[in-house]
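Input: a single structure, listed below in structure tokens.
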Amino acid sequence: MKRRQFISTAGKATLMLLAPMEILANYEISDKISGKFVFVEAEQFTHQGGWELDQQSMNQMGSPYLLAHGLGIPVEDATTQITFPEKGKYRLWVRTRDWVAPWEAPGTPGKFQLLLNDKPVKETFGTKGTEWHWHDGGVVEVSQKTKVALHDLTGFEGRCEAILFCKDLNFEPINDVTALTKFRRKLLGLPEKPEDGGNFDLVVSGGGFAGTCAALSAARNGLTVALIQDRPVLGGNGSSEVRVWPEGHTRQEPFPHIGEIVDEIAPETIDLGKYGTRNARLGDSYDDQRKLEVVKNEPRITLFLEERVIQVKHKNNTISAIVSQNTRTAVHTKIKGKFFADCTGDATVGFLAGADYEISSSGFMGFSNMWNVMDAANKEEVLKCECKDKTALTLSCEIGEVEQPFPRCPWALDLSDKPFPGRANYKGQWGSEDPLGNLGGWFWESGFDKDPITDVEKIRDLNFRAMYGAWDALKNVDKLYPNHRLGWSAFISGKRESRRLMGDVKLTANHFRDKVDFEDGAFPCSWGIDVHTPHESFDEDLKGEEFISFATTGKGYDYEGPYWAPYRALYSQNITNLFMAGRNISVSREGLGPVRVMKTCGMMGEIVGKAAALCSLYNTTPRGIYENYLDKLKELMKQPGAKRL
């Protein structure tokens, strides 16, 4: 089988003319090929401009969308070219939403226009609807070849999922996700049968530290490996997209080679900087390219970037294949395997396969979308900035125009009279002496009372409302930092907690505290028993909108480490060929605290890769390794990370 291209190529926006009979009950069969519809996926625009591709809510809406993440400055247009079957009148529909409507907040920050041949249609989008829906754009006149553009008006998180042109001016598209998915796939001409992605010894889903290390470990021990990642970069929370610094001690006795692969892909240590943190720094600090090159140079790995797992084929408690959807082309691919590793964080593969799992009923650790600010009067910061308008900013600074006004944000959290880290002397936990260093840190965290699977977009958007509300308060209420501006913010959330797949051992915090010694200790844990809760000092009048967390401290936090956690927490108790690595392993909620940091997760991946190789060699199951070949696993754990069987 040919090695898949390392970087996915986005499909062009395409005119498709097929309409499913299940949806179009008002049409005759002959109408399905008569050119009544032109469907355009936003993610398939030829030029994305300054809009970002967001796939986080695909499970809820069936498709990714484009996000105008401009931090208050309108982003460059996304554009594409459409060839219509004929010129004339069409009714225009745009799938979008007013993202602050769930909070009944005043204003519509996500406003954007649709331009046809550079002229805006009359309707402004992103101004209606609590939920995703088809916003009626009215009747438009088009030429046979038409340039279409998404024109952001605010820079405040406008979003567009798809555009539909209807020759029948009375047609109304459906919003039900299942029916809409069938509708869109018919109109895009996508086949029902997935493409063949190949057959592998191990299929790893999730390209964070856990998944990347699992793939490398397995490949270096002789297995053919598929590594599936739904973003264009590897590293997950430790990538330039999220910017959490990887933590956890590697290469611990008595198995000092465990962690060598982690260290191979981890970024080089940088100084703490003026704000005393390695989080939320410049993107190149997280060295995405390093991870990609290490994987690319391993000949036994086939990398599937921008592919999201949407289906799992399984029978008799055994997985045979996964089906992924490309986040740009929407093409489905079936990837078969003998063994599977769920490193998705959300336990997506295990959940879809019917694996036993647990999830908290309430009181979750939240998500962080970290952010930072920059001083436009500092030429060095301007030259290094990652702003979408960097060219214009640099020019302004060169001629001495450094003042950076910021608009009032009535739709954001109203923090005018409230404390938050970064304001006056209100420090976050382990905060910086410089108030600016307490903005956008790990403790800016939301979603404690929300479902981490189904409420992904709302939790992330609450983080946005906290960020914009805080910066509005500092700039416009406190009249501080006239030359500062928002420099960067993550739009991909840094998750801490969701589903946990159950293995033959469920690791709890008391195992750490009581120094329980497992005979199958396989990966070292060194992080404290750290479970986040809303910070009481900043929660007044913010029920359901808490945005600052408190990390566990004091009695019960520490244990004597490193603590070697059991291999039996790394495979499913009821799916015979499923491993897991990362924050979705077999732990209690409190037991998640010590294991969830990235370098520790990466070492889990190293063990999974070694165990999968032994499974293949001895024709056994993950459980069979513990029952019959634990000595062989320990022998392999003594070998260097590049050692092959």
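Letters A, B, ... mark the chains of the structure tokens in the order given; residue numbers begin at 1 per chain; ligand numbers begin at 1, in order shown.
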
Would you write out, as a tab-separated table, a table of all residues in stretch 520-601 of chain A that have an atom no more than 9 Å from an atom of stretch 334-343 of chain A, listing for each the closest atom pair and the distance in Å to one decimal, considering only C-alpha atoms and ordering rows by chain and rising residue number?
```
residue	atom	partner	partner_atom	distance
A:Tyr571	CA	A:Ala341	CA	8.5
A:Thr576	CA	A:Phe339	CA	8.9
A:Asn577	CA	A:Phe339	CA	5.1
A:Leu578	CA	A:Phe340	CA	5.0
A:Phe579	CA	A:Ala341	CA	4.5
A:Met580	CA	A:Asp342	CA	4.6
A:Ala581	CA	A:Cys343	CA	5.1
A:Gly582	CA	A:Cys343	CA	5.7
A:Arg583	CA	A:Cys343	CA	8.1
A:Asn584	CA	A:Cys343	CA	7.4
A:Ile585	CA	A:Cys343	CA	8.8
```

| request: Excluding A:Phe255 and residues on its chain fewer than 6 positions from it, collect all residues at most 10 Å away from it, counting only C-alpha atoms, and give them as a ChimeraX atom specification. | output: /A:522-524,564,634-640

| task | Would you please give, as a VMD selection string, all residues of stretch 59-208 of chain A that DSSP assigns to alpha helix (DSSP H) based on the backbone? | result | chain A and resid 59 to 61 177 to 187

| task | Name all residues at most 9 Å from A:Val142 (count only C-alpha atoms; drop same-chain ones fewer than 6 positions away) and give them as an MDAnalysis selection string. | result | chainID A and resid 84 86:90 116:117

| Surrounding residues of A:Gly469 excluding itself and chain neighbours under 5 positions, 6 Å, only C-alpha atoms, as a list in words | Ala412, Leu413, Asp414 and Leu415 of chain A

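Closest approach to A:Pro452 among A:Gly126, A:Gly494, A:Gly259, A:Pro299 is made by A:Gly494 (distances from only C-alpha atoms).
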
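Excluding A:Asn438 and any residue on its chain fewer than 2 positions from it, the residues at most 7 Å away by only C-alpha atoms are A:Pro421, A:Gly422, A:Lys427, A:Gly428, A:Gly431, A:Ser432, A:Pro435, A:Leu436, A:Gly440, A:Gly441.
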
Any chance you can output those residues with N, CA and C atoms as a PDB file, in the first residue's frame?
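File produced: part-v8.pdb:
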```
ATOM      1  N   PRO A 421      -7.824  37.165  38.106  1.00  0.00           N
ATOM      2  CA  PRO A 421      -6.365  37.180  38.054  1.00  0.00           C
ATOM      3  C   PRO A 421      -5.889  38.054  36.894  1.00  0.00           C
ATOM      4  N   GLY A 422      -5.023  39.009  37.219  1.00  0.00           N
ATOM      5  CA  GLY A 422      -4.567  39.967  36.218  1.00  0.00           C
ATOM      6  C   GLY A 422      -5.085  41.355  36.495  1.00  0.00           C
ATOM      7  N   LYS A 427      -4.242  37.582  42.235  1.00  0.00           N
ATOM      8  CA  LYS A 427      -3.411  36.588  41.572  1.00  0.00           C
ATOM      9  C   LYS A 427      -4.151  35.264  41.461  1.00  0.00           C
ATOM     10  N   GLY A 428      -3.865  34.560  40.383  1.00  0.00           N
ATOM     11  CA  GLY A 428      -4.298  33.180  40.304  1.00  0.00           C
ATOM     12  C   GLY A 428      -3.334  32.326  41.110  1.00  0.00           C
ATOM     13  N   GLY A 431       0.507  32.471  40.638  1.00  0.00           N
ATOM     14  CA  GLY A 431       0.486  33.527  39.625  1.00  0.00           C
ATOM     15  C   GLY A 431       1.775  34.313  39.553  1.00  0.00           C
ATOM     16  N   SER A 432       1.850  35.167  38.549  1.00  0.00           N
ATOM     17  CA  SER A 432       3.016  35.995  38.286  1.00  0.00           C
ATOM     18  C   SER A 432       2.960  37.261  39.128  1.00  0.00           C
ATOM     19  N   PRO A 435       0.914  41.555  36.851  1.00  0.00           N
ATOM     20  CA  PRO A 435      -0.499  41.219  36.632  1.00  0.00           C
ATOM     21  C   PRO A 435      -0.782  40.650  35.246  1.00  0.00           C
ATOM     22  N   LEU A 436      -0.073  41.139  34.230  1.00  0.00           N
ATOM     23  CA  LEU A 436      -0.320  40.626  32.878  1.00  0.00           C
ATOM     24  C   LEU A 436       0.012  39.145  32.762  1.00  0.00           C
ATOM     25  N   GLY A 440      -4.945  34.614  31.142  1.00  0.00           N
ATOM     26  CA  GLY A 440      -4.923  33.526  30.168  1.00  0.00           C
ATOM     27  C   GLY A 440      -4.116  32.314  30.544  1.00  0.00           C
ATOM     28  N   GLY A 441      -3.791  32.140  31.829  1.00  0.00           N
ATOM     29  CA  GLY A 441      -3.029  30.976  32.256  1.00  0.00           C
ATOM     30  C   GLY A 441      -3.889  29.729  32.352  1.00  0.00           C
TER      31      GLY A 441
END
```

| With distances taken over only C-alpha atoms, which of A:Lys555, A:Arg568, A:Lys632, A:Arg185 is nearest to A:Ala613? |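 Closest to A:Ala613 of all the choices is A:Lys632.
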
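Each of A:Thr250, A:Thr318, A:Gln81, A:Ser498 was compared to A:Val587 using only C-alpha atoms, and A:Ser498 turns out to be the nearest.
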
| request: Go through A:Ile359, A:Phe538, A:Cys525, A:Thr277 one by one, measure the shortest atom-to-atom distance of each to A:Asp434 using only C-alpha atoms, and give the residue with the smallest value. | output: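 The answer is A:Thr277, which sits nearest to A:Asp434.
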
| request: Would you list, as number ranges by chain, the residues of stretch 216-367 of chain A that end up in strand (DSSP E or B) under DSSP run on this structure's backbone? | output: A: 225-229, 235, 301-305, 307-315, 318-326, 332-342, 357-358, 367

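Restricting the calculation to only C-alpha atoms, the smallest distance between A:Gly50 and any of A:Cys387, A:Leu223, A:Ala569, A:Val349 is found for A:Cys387.
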
| said: Between atom CA of A:Pro232 and atom CA of A:Thr344, what distance in Å does the model show, to one decimal? | reply: 15.0 Å
